[in-house]
>>> print(open('start-v2.cif').read())   # mmCIF, C-alpha atoms
data_data
loop_
_atom_site.label_atom_id
_atom_site.label_comp_id
_atom_site.auth_asym_id
_atom_site.auth_seq_id
_atom_site.Cartn_x
_atom_site.Cartn_y
_atom_site.Cartn_z
CA MET Q 571 -32.76 -26.56 -6.20
CA LYS Q 572 -32.53 -22.76 -6.26
CA SER Q 573 -31.08 -22.61 -2.74
CA PHE Q 574 -28.54 -25.31 -3.67
CA VAL Q 575 -27.34 -23.27 -6.68
CA VAL Q 576 -27.07 -20.10 -4.58
CA GLY Q 577 -25.07 -22.00 -2.00
CA MET Q 578 -22.68 -23.29 -4.65
CA LEU Q 579 -22.17 -19.77 -6.03
CA ALA Q 580 -21.45 -18.43 -2.55
CA ALA Q 581 -18.88 -21.16 -1.98
CA ALA Q 582 -17.19 -20.23 -5.24
CA CYS Q 583 -16.65 -16.70 -3.93
CA THR Q 584 -14.31 -17.69 -1.09
CA ALA Q 585 -10.68 -16.82 -1.63
CA SER Q 586 -9.54 -20.38 -0.99
CA THR Q 587 -11.31 -21.58 -4.16
CA ILE Q 588 -9.96 -18.82 -6.41
CA LYS Q 589 -6.66 -19.11 -8.28
CA ILE Q 590 -4.63 -16.87 -10.54
CA ASP Q 591 -4.50 -17.84 -14.22
CA VAL Q 592 -0.91 -16.91 -15.05
CA GLU Q 593 -1.59 -16.89 -18.80
CA THR Q 594 -4.52 -14.45 -18.74
CA ARG Q 595 -3.80 -12.84 -15.32
CA ASN Q 596 -7.43 -13.40 -14.37
CA PHE Q 597 -8.81 -14.67 -11.10
CA ARG Q 598 -10.59 -17.97 -11.78
CA ASP Q 599 -13.01 -19.80 -9.51
CA ALA Q 600 -13.40 -23.53 -8.96
CA ALA Q 601 -15.55 -23.80 -12.10
CA GLY Q 602 -12.87 -22.15 -14.24
CA ARG Q 603 -14.80 -18.90 -14.67
CA ALA Q 604 -12.98 -15.56 -14.73
CA ARG Q 605 -13.95 -13.51 -11.69
CA ILE Q 606 -14.07 -9.69 -11.71
CA PHE Q 607 -14.43 -8.22 -8.24
CA HIS Q 608 -16.19 -5.04 -7.17
CA GLY Q 609 -14.67 -3.54 -4.06
CA GLN Q 610 -13.05 -0.80 -2.03
CA ASN Q 611 -9.73 0.36 -0.65
CA VAL Q 612 -9.51 0.40 3.15
CA VAL Q 613 -6.23 2.08 4.08
CA VAL Q 614 -5.48 3.96 7.32
CA LYS Q 615 -2.23 5.86 6.85
CA LEU Q 616 -1.51 7.17 10.36
CA PRO Q 617 -0.47 5.40 13.60
CA GLY Q 618 -3.08 2.94 14.70
CA TYR Q 619 -3.23 1.89 11.03
CA ILE Q 620 -6.62 0.24 11.39
CA PRO Q 621 -10.15 1.62 10.90
CA THR Q 622 -12.54 2.36 13.74
CA GLN Q 623 -14.83 -0.63 14.20
CA ASP Q 624 -17.07 0.12 17.20
CA ALA Q 625 -18.90 3.17 15.77
CA PHE Q 626 -19.73 4.65 12.38
CA ASP Q 627 -17.50 7.46 11.14
CA TYR Q 628 -17.91 8.96 7.69
CA ASP Q 629 -14.18 8.75 6.91
CA MET Q 630 -12.49 6.32 9.27
CA SER Q 631 -14.74 3.42 10.23
CA ILE Q 632 -15.43 -0.16 9.24
CA SER Q 633 -18.33 -0.63 11.61
CA THR Q 634 -21.29 -2.98 11.31
CA GLN Q 635 -23.12 -0.20 9.47
CA ASP Q 636 -20.25 0.18 6.99
CA LEU Q 637 -20.04 -3.56 6.43
CA GLN Q 638 -23.75 -3.86 5.79
CA ASN Q 639 -23.64 -0.90 3.42
CA LEU Q 640 -20.76 -2.46 1.49
CA LYS Q 641 -22.59 -5.76 1.24
CA ASP Q 642 -25.80 -4.03 0.11
CA TRP Q 643 -23.85 -2.18 -2.57
CA GLY Q 644 -22.47 -5.46 -3.94
CA CYS Q 645 -18.93 -5.16 -2.59
CA LYS Q 646 -17.07 -8.49 -2.79
CA PHE Q 647 -13.46 -7.36 -2.43
CA ILE Q 648 -11.39 -5.27 0.01
CA ARG Q 649 -7.88 -4.02 -0.64
CA LEU Q 650 -6.71 -3.64 2.94
CA GLY Q 651 -3.72 -1.49 3.84
CA VAL Q 652 -1.12 -3.39 5.87
CA MET Q 653 1.85 -1.07 5.48
CA TRP Q 654 5.46 -1.95 6.15
CA GLU Q 655 5.70 0.85 8.72
CA SER Q 656 2.60 -0.42 10.53
CA VAL Q 657 4.11 -3.90 10.99
CA GLU Q 658 7.83 -3.29 11.55
CA THR Q 659 7.98 -0.81 14.42
CA ALA Q 660 11.76 -0.91 14.92
CA PRO Q 661 14.48 -2.65 12.91
CA GLY Q 662 13.61 -6.34 13.00
CA VAL Q 663 10.74 -5.83 15.48
CA TYR Q 664 7.29 -6.81 14.18
CA ASP Q 665 3.94 -5.94 15.77
CA LEU Q 666 2.23 -9.32 15.86
CA GLU Q 667 -0.65 -7.93 17.93
CA TYR Q 668 -1.42 -5.54 15.07
CA LEU Q 669 -1.38 -8.45 12.62
CA ASN Q 670 -3.82 -10.32 14.87
CA LYS Q 671 -6.16 -7.32 14.66
CA ILE Q 672 -5.81 -7.31 10.86
CA ASP Q 673 -6.53 -11.03 10.77
CA ALA Q 674 -9.72 -10.49 12.78
CA LEU Q 675 -10.75 -7.65 10.45
CA ILE Q 676 -10.19 -9.84 7.38
CA ASN Q 677 -12.43 -12.49 8.92
CA ARG Q 678 -14.99 -9.81 9.72
CA PHE Q 679 -15.10 -8.81 6.05
CA ALA Q 680 -15.61 -12.47 5.18
CA GLU Q 681 -18.72 -12.58 7.36
CA TYR Q 682 -20.15 -10.10 4.85
CA ASP Q 683 -18.98 -12.15 1.82
CA MET Q 684 -15.89 -10.09 1.02
CA VAL Q 685 -12.40 -11.41 0.27
CA THR Q 686 -9.28 -9.38 1.09
CA LEU Q 687 -6.16 -8.39 -0.80
CA VAL Q 688 -3.39 -7.50 1.70
CA ASP Q 689 -1.83 -4.25 0.47
CA ASN Q 690 1.66 -2.98 1.35
CA HIS Q 691 0.54 0.59 0.78
CA GLN Q 692 2.85 3.53 0.24
CA ASP Q 693 2.68 7.10 -0.97
CA LEU Q 694 5.80 9.20 -1.49
CA PHE Q 695 7.86 6.30 -0.14
CA SER Q 696 7.93 7.17 3.58
CA ARG Q 697 6.85 9.59 6.31
CA LYS Q 698 10.30 11.19 6.06
CA LEU Q 699 9.31 12.32 2.54
CA CYS Q 700 5.77 13.49 3.43
CA GLY Q 701 4.14 10.15 2.73
CA GLU Q 702 3.95 6.74 4.36
CA GLY Q 703 4.96 3.16 3.74
CA VAL Q 704 8.65 2.39 4.26
CA PRO Q 705 9.53 2.72 7.97
CA ALA Q 706 11.17 6.10 8.58
CA PHE Q 707 14.16 4.44 10.24
CA TYR Q 708 14.96 2.72 6.92
CA GLN Q 709 14.61 5.90 4.85
CA PRO Q 710 17.81 6.37 2.81
CA TRP Q 711 19.18 9.86 3.31
CA ASP Q 712 22.93 10.24 2.85
CA ASN Q 713 23.07 8.42 -0.49
CA ILE Q 714 20.07 9.92 -2.29
CA ASP Q 715 19.61 13.07 -4.38
CA HIS Q 716 18.71 16.28 -2.54
CA SER Q 717 18.78 18.48 -5.63
CA CYS Q 718 17.39 18.05 -9.12
CA PRO Q 719 20.03 16.61 -11.47
CA TRP Q 720 20.97 18.65 -14.53
CA SER Q 721 20.00 15.80 -16.82
CA VAL Q 722 17.71 16.07 -19.85
CA ILE Q 723 14.66 14.94 -17.86
CA GLY Q 724 15.74 16.86 -14.78
CA THR Q 725 16.07 20.07 -16.81
CA MET Q 726 12.63 19.52 -18.37
CA PHE Q 727 11.10 19.16 -14.91
CA ARG Q 728 12.99 22.19 -13.58
CA LEU Q 729 11.63 24.32 -16.43
CA ALA Q 730 8.13 23.12 -15.54
CA GLY Q 731 8.65 24.19 -11.93
CA LYS Q 732 8.90 20.60 -10.69
CA CYS Q 733 11.69 18.41 -9.30
CA LYS Q 734 12.03 20.67 -6.26
CA PRO Q 735 13.83 19.23 -3.22
CA LEU Q 736 11.90 18.87 0.02
CA SER Q 737 13.83 21.81 1.46
CA ASP Q 738 11.92 24.10 -0.94
CA TYR Q 739 8.55 23.27 0.66
CA ASN Q 740 9.13 25.10 3.98
CA LEU Q 741 8.11 22.06 5.99
CA ARG Q 742 8.10 22.03 9.78
CA TYR Q 743 9.24 18.91 11.58
CA ASP Q 744 8.20 17.09 14.75
CA ASP Q 745 10.48 15.89 17.54
CA ASN Q 746 11.18 12.68 15.58
CA GLY Q 747 12.44 14.60 12.58
CA LEU Q 748 9.34 13.87 10.50
CA PRO Q 749 7.55 16.59 8.52
CA LEU Q 750 4.22 17.68 9.98
CA VAL Q 751 1.32 16.02 8.19
CA GLY Q 752 -0.57 19.31 7.89
CA ASP Q 753 2.38 20.96 6.14
CA CYS Q 754 2.68 17.99 3.79
CA HIS Q 755 -1.00 18.25 2.92
CA ASN Q 756 -0.52 21.91 2.03
CA ALA Q 757 1.83 20.89 -0.77
CA ASN Q 758 0.65 19.45 -4.07
CA PHE Q 759 0.82 15.65 -3.86
CA MET Q 760 2.04 15.10 -7.42
CA ASP Q 761 4.61 17.90 -7.10
CA LEU Q 762 6.04 16.11 -4.08
CA TYR Q 763 6.26 12.93 -6.16
CA THR Q 764 8.68 14.72 -8.50
CA ALA Q 765 11.04 15.56 -5.60
CA PRO Q 766 14.54 14.17 -6.23
CA GLU Q 767 14.51 12.52 -2.79
CA VAL Q 768 11.46 10.45 -3.76
CA ALA Q 769 12.82 9.27 -7.11
CA SER Q 770 16.21 8.34 -5.70
CA SER Q 771 14.68 6.57 -2.68
CA PHE Q 772 12.74 4.24 -4.99
CA ALA Q 773 15.95 3.61 -6.92
CA ALA Q 774 17.63 2.70 -3.62
CA LEU Q 775 14.87 0.19 -2.88
CA TYR Q 776 14.96 -1.46 -6.29
CA SER Q 777 18.76 -1.70 -6.29
CA ASN Q 778 18.76 -3.11 -2.74
CA GLN Q 779 20.93 -0.27 -1.46
CA ASP Q 780 22.03 -1.07 2.11
CA GLY Q 781 19.88 -4.23 1.93
CA LEU Q 782 16.64 -2.21 1.74
CA LEU Q 783 14.86 -4.63 -0.59
CA ASP Q 784 15.94 -7.55 1.59
CA LYS Q 785 14.36 -5.79 4.55
CA MET Q 786 11.09 -5.37 2.65
CA MET Q 787 11.12 -9.07 1.80
CA ALA Q 788 11.67 -9.85 5.49
CA PHE Q 789 8.55 -7.81 6.24
CA TRP Q 790 6.63 -9.78 3.61
CA THR Q 791 7.86 -13.08 5.04
CA VAL Q 792 6.33 -12.14 8.40
CA VAL Q 793 3.05 -10.97 6.82
CA ALA Q 794 2.65 -13.92 4.44
CA THR Q 795 3.48 -16.37 7.21
CA LYS Q 796 0.69 -14.80 9.26
CA PHE Q 797 -1.98 -14.88 6.56
CA HIS Q 798 -1.09 -17.76 4.24
CA ALA Q 799 -3.59 -20.11 5.90
CA ASN Q 800 -6.44 -17.60 6.08
CA PRO Q 801 -8.96 -18.72 3.42
CA ASN Q 802 -10.34 -15.18 3.18
CA VAL Q 803 -7.08 -13.68 1.82
CA ILE Q 804 -7.10 -13.68 -1.98
CA GLY Q 805 -3.58 -12.36 -2.46
CA TYR Q 806 -0.92 -9.76 -1.74
CA ASP Q 807 -0.22 -6.35 -3.28
CA ILE Q 808 3.58 -6.36 -2.92
CA LEU Q 809 3.94 -2.56 -3.20
CA ASN Q 810 1.24 -0.02 -3.98
CA GLU Q 811 1.93 2.23 -6.99
CA PRO Q 812 5.68 1.62 -7.30
CA TRP Q 813 7.32 4.75 -8.69
CA GLY Q 814 9.52 4.33 -11.76
CA ALA Q 815 12.87 4.59 -9.92
CA ASN Q 816 15.12 7.56 -10.69
CA LEU Q 817 13.93 8.84 -14.05
CA TYR Q 818 16.21 11.88 -13.71
CA HIS Q 819 19.25 9.63 -14.14
CA ASP Q 820 17.69 7.14 -16.58
CA LYS Q 821 15.53 8.96 -19.13
CA SER Q 822 14.10 5.68 -20.48
CA LEU Q 823 12.10 5.41 -17.25
CA PHE Q 824 10.17 8.54 -18.23
CA PHE Q 825 8.81 6.74 -21.29
CA GLU Q 826 8.66 3.18 -19.97
CA PRO Q 827 8.73 3.00 -16.15
#
>>> encode(input="start-v2.cif", output="structure tokens")
Amino acid sequence: MKSFVVGMLAAACTASTIKIDVETRNFRDAAGRARIFHGQNVVVKLPGYIPTQDAFDYDMSISTQDLQNLKDWGCKFIRLGVMWESVETAPGVYDLEYLNKIDALINRFAEYDMVTLVDNHQDLFSRKLCGEGVPAFYQPWDNIDHSCPWSVIGTMFRLAGKCKPLSDYNLRYDDNGLPLVGDCHNANFMDLYTAPEVASSFAALYSNQDGLLDKMMAFWTVVATKFHANPNVIGYDILNEPWGANLYHDKSLFFEP
């Protein structure tokens, strides 16, 4: 009887049996119980965009040793970075081989009793702005702010030494016109988030400037089509940590993003 009960509990942990309760925003299993997951982020933010799997590395691996450690520690959930820039490698060109590798990794997590949330990760919007996420070739440039507006919120940030344009950070650039990662890491991450280019780029996404939001939804159509039948995928994180648009032009966003 004990083994039967354990088996039933294990079955209840698979993503295919778990639904979202839209009233309470809880995950609920087949028995109607709210499920709270313990887990980890797994996000590789540089080209390759997938962890090392054939050998243990303290920072960059999801090897057999890592998987066993996670299982031993009670991990049941992985938030796995599948960034827009890692999938769409040129306008309208999608790396299906990469998605196959992600699919295999999701199934590998499942072998150790972990479900996966597919995460469209971003920080600082794109590589063009010292972060990652939105493909650099879609980065708005001509129609965004490159100086801090003299608005109420903009002035407050200026007085605090924030809201500095990227040109103030003395960044060096590679042959593709992208800032060097080392130079970006030398700057304060949260200071970079106050750059006018970052705020106005998020505003461009939300307002669908030049069809940018449509392009993100096209990315999600490809990704969801790939994973919708995988029983080990519990859901999708549409956009990691979405910034509150351009608070320098709309002060209400400072108080209620």
>>> resolve_selection(input="start-v2.cif", expression="the PyMOL selection byres ((chain Q and resi 787) around 12)", output="PyMOL selection string")
chain Q and resi 654+658+662+690+704+775-776+778+781-786+788-795+808-809
>>> closest_residue(input="start-v2.cif", among="Q:Asn596, Q:Arg649, Q:Val688, Q:Tyr708", to="Q:Asn800", atoms="all atoms listed in the file")
Q:Val688
>>> resolve_selection(input="start-v2.cif", expression="the PyMOL selection byres ((chain Q and resi 697) around 12)", output="PDB file with C-alpha atoms, in the frame of the given file")
ATOM      1  CA  LYS Q 615      -2.230   5.860   6.850  1.00  0.00           C
ATOM      2  CA  LEU Q 616      -1.510   7.170  10.360  1.00  0.00           C
ATOM      3  CA  PRO Q 617      -0.470   5.400  13.600  1.00  0.00           C
ATOM      4  CA  MET Q 653       1.850  -1.070   5.480  1.00  0.00           C
ATOM      5  CA  TRP Q 654       5.460  -1.950   6.150  1.00  0.00           C
ATOM      6  CA  GLU Q 655       5.700   0.850   8.720  1.00  0.00           C
ATOM      7  CA  SER Q 656       2.600  -0.420  10.530  1.00  0.00           C
ATOM      8  CA  GLN Q 692       2.850   3.530   0.240  1.00  0.00           C
ATOM      9  CA  ASP Q 693       2.680   7.100  -0.970  1.00  0.00           C
ATOM     10  CA  LEU Q 694       5.800   9.200  -1.490  1.00  0.00           C
ATOM     11  CA  PHE Q 695       7.860   6.300  -0.140  1.00  0.00           C
ATOM     12  CA  SER Q 696       7.930   7.170   3.580  1.00  0.00           C
ATOM     13  CA  LYS Q 698      10.300  11.190   6.060  1.00  0.00           C
ATOM     14  CA  LEU Q 699       9.310  12.320   2.540  1.00  0.00           C
ATOM     15  CA  CYS Q 700       5.770  13.490   3.430  1.00  0.00           C
ATOM     16  CA  GLY Q 701       4.140  10.150   2.730  1.00  0.00           C
ATOM     17  CA  GLU Q 702       3.950   6.740   4.360  1.00  0.00           C
ATOM     18  CA  GLY Q 703       4.960   3.160   3.740  1.00  0.00           C
ATOM     19  CA  VAL Q 704       8.650   2.390   4.260  1.00  0.00           C
ATOM     20  CA  PRO Q 705       9.530   2.720   7.970  1.00  0.00           C
ATOM     21  CA  ALA Q 706      11.170   6.100   8.580  1.00  0.00           C
ATOM     22  CA  PHE Q 707      14.160   4.440  10.240  1.00  0.00           C
ATOM     23  CA  TYR Q 708      14.960   2.720   6.920  1.00  0.00           C
ATOM     24  CA  GLN Q 709      14.610   5.900   4.850  1.00  0.00           C
ATOM     25  CA  PRO Q 710      17.810   6.370   2.810  1.00  0.00           C
ATOM     26  CA  TYR Q 743       9.240  18.910  11.580  1.00  0.00           C
ATOM     27  CA  ASP Q 744       8.200  17.090  14.750  1.00  0.00           C
ATOM     28  CA  ASN Q 746      11.180  12.680  15.580  1.00  0.00           C
ATOM     29  CA  GLY Q 747      12.440  14.600  12.580  1.00  0.00           C
ATOM     30  CA  LEU Q 748       9.340  13.870  10.500  1.00  0.00           C
ATOM     31  CA  PRO Q 749       7.550  16.590   8.520  1.00  0.00           C
ATOM     32  CA  LEU Q 750       4.220  17.680   9.980  1.00  0.00           C
ATOM     33  CA  VAL Q 751       1.320  16.020   8.190  1.00  0.00           C
ATOM     34  CA  CYS Q 754       2.680  17.990   3.790  1.00  0.00           C
ATOM     35  CA  VAL Q 768      11.460  10.450  -3.760  1.00  0.00           C
TER      36      VAL Q 768
END
>>> closest_residue(input="start-v2.cif", among="Q:Leu729, Q:Leu817, Q:Val612, Q:Met760", to="Q:Leu637", atoms="all atoms listed in the file")
Q:Val612
>>> closest_residue(input="start-v2.cif", among="Q:Lys671, Q:Asp591, Q:Arg598, Q:Asp642", to="Q:Gly618", atoms="only C-alpha atoms")
Q:Lys671
>>> residues_around(input="start-v2.cif", residues="Q:Phe772", least_positions_apart="4", cutoff="9 Å", atoms="only C-alpha atoms", output="number ranges by chain")
Q: 695, 767-768, 776-777, 812-816
>>> decode(input="start-v2.cif", residues="stretch 658-679 of chain Q", atoms="N, CA and C atoms", output="short mmCIF file (atom, residue, chain, number, x, y, z; two decimals), in the first residue's frame")
data_model
loop_
_atom_site.label_atom_id
_atom_site.label_comp_id
_atom_site.auth_asym_id
_atom_site.auth_seq_id
_atom_site.Cartn_x
_atom_site.Cartn_y
_atom_site.Cartn_z
N GLU Q 658 15.82 33.12 -32.07
CA GLU Q 658 15.74 33.82 -33.36
C GLU Q 658 17.11 34.40 -33.67
N THR Q 659 17.82 33.79 -34.58
CA THR Q 659 19.22 34.13 -34.84
C THR Q 659 19.38 35.16 -35.94
N ALA Q 660 18.37 35.40 -36.72
CA ALA Q 660 18.29 36.45 -37.73
C ALA Q 660 16.81 36.73 -37.90
N PRO Q 661 16.44 37.87 -38.46
CA PRO Q 661 15.00 38.17 -38.56
C PRO Q 661 14.22 37.05 -39.24
N GLY Q 662 13.31 36.44 -38.48
CA GLY Q 662 12.48 35.37 -39.00
C GLY Q 662 13.15 34.03 -39.14
N VAL Q 663 14.38 33.89 -38.64
CA VAL Q 663 15.13 32.63 -38.71
C VAL Q 663 15.25 32.06 -37.29
N TYR Q 664 14.74 30.84 -37.09
CA TYR Q 664 14.68 30.25 -35.76
C TYR Q 664 15.55 29.00 -35.70
N ASP Q 665 16.30 28.88 -34.62
CA ASP Q 665 17.24 27.78 -34.44
C ASP Q 665 16.51 26.58 -33.86
N LEU Q 666 15.98 25.73 -34.71
CA LEU Q 666 15.21 24.58 -34.25
C LEU Q 666 16.11 23.52 -33.64
N GLU Q 667 17.37 23.47 -34.06
CA GLU Q 667 18.31 22.52 -33.44
C GLU Q 667 18.53 22.88 -31.98
N TYR Q 668 18.64 24.18 -31.69
CA TYR Q 668 18.77 24.63 -30.31
C TYR Q 668 17.54 24.22 -29.49
N LEU Q 669 16.35 24.40 -30.07
CA LEU Q 669 15.13 24.01 -29.35
C LEU Q 669 15.07 22.51 -29.12
N ASN Q 670 15.62 21.72 -30.03
CA ASN Q 670 15.70 20.27 -29.80
C ASN Q 670 16.59 19.97 -28.60
N LYS Q 671 17.69 20.70 -28.47
CA LYS Q 671 18.59 20.51 -27.33
C LYS Q 671 17.89 20.89 -26.03
N ILE Q 672 17.11 21.98 -26.07
CA ILE Q 672 16.36 22.39 -24.89
C ILE Q 672 15.32 21.34 -24.53
N ASP Q 673 14.65 20.80 -25.53
CA ASP Q 673 13.65 19.76 -25.30
C ASP Q 673 14.28 18.56 -24.61
N ALA Q 674 15.46 18.16 -25.08
CA ALA Q 674 16.16 17.02 -24.47
C ALA Q 674 16.55 17.34 -23.04
N LEU Q 675 16.95 18.60 -22.77
CA LEU Q 675 17.33 18.98 -21.42
C LEU Q 675 16.12 18.98 -20.49
N ILE Q 676 14.98 19.45 -20.98
CA ILE Q 676 13.75 19.41 -20.19
C ILE Q 676 13.41 17.97 -19.81
N ASN Q 677 13.54 17.07 -20.76
CA ASN Q 677 13.26 15.66 -20.48
C ASN Q 677 14.28 15.06 -19.52
N ARG Q 678 15.50 15.58 -19.59
CA ARG Q 678 16.53 15.12 -18.65
C ARG Q 678 16.18 15.56 -17.23
N PHE Q 679 15.72 16.77 -17.07
CA PHE Q 679 15.27 17.22 -15.74
C PHE Q 679 14.15 16.32 -15.23
#
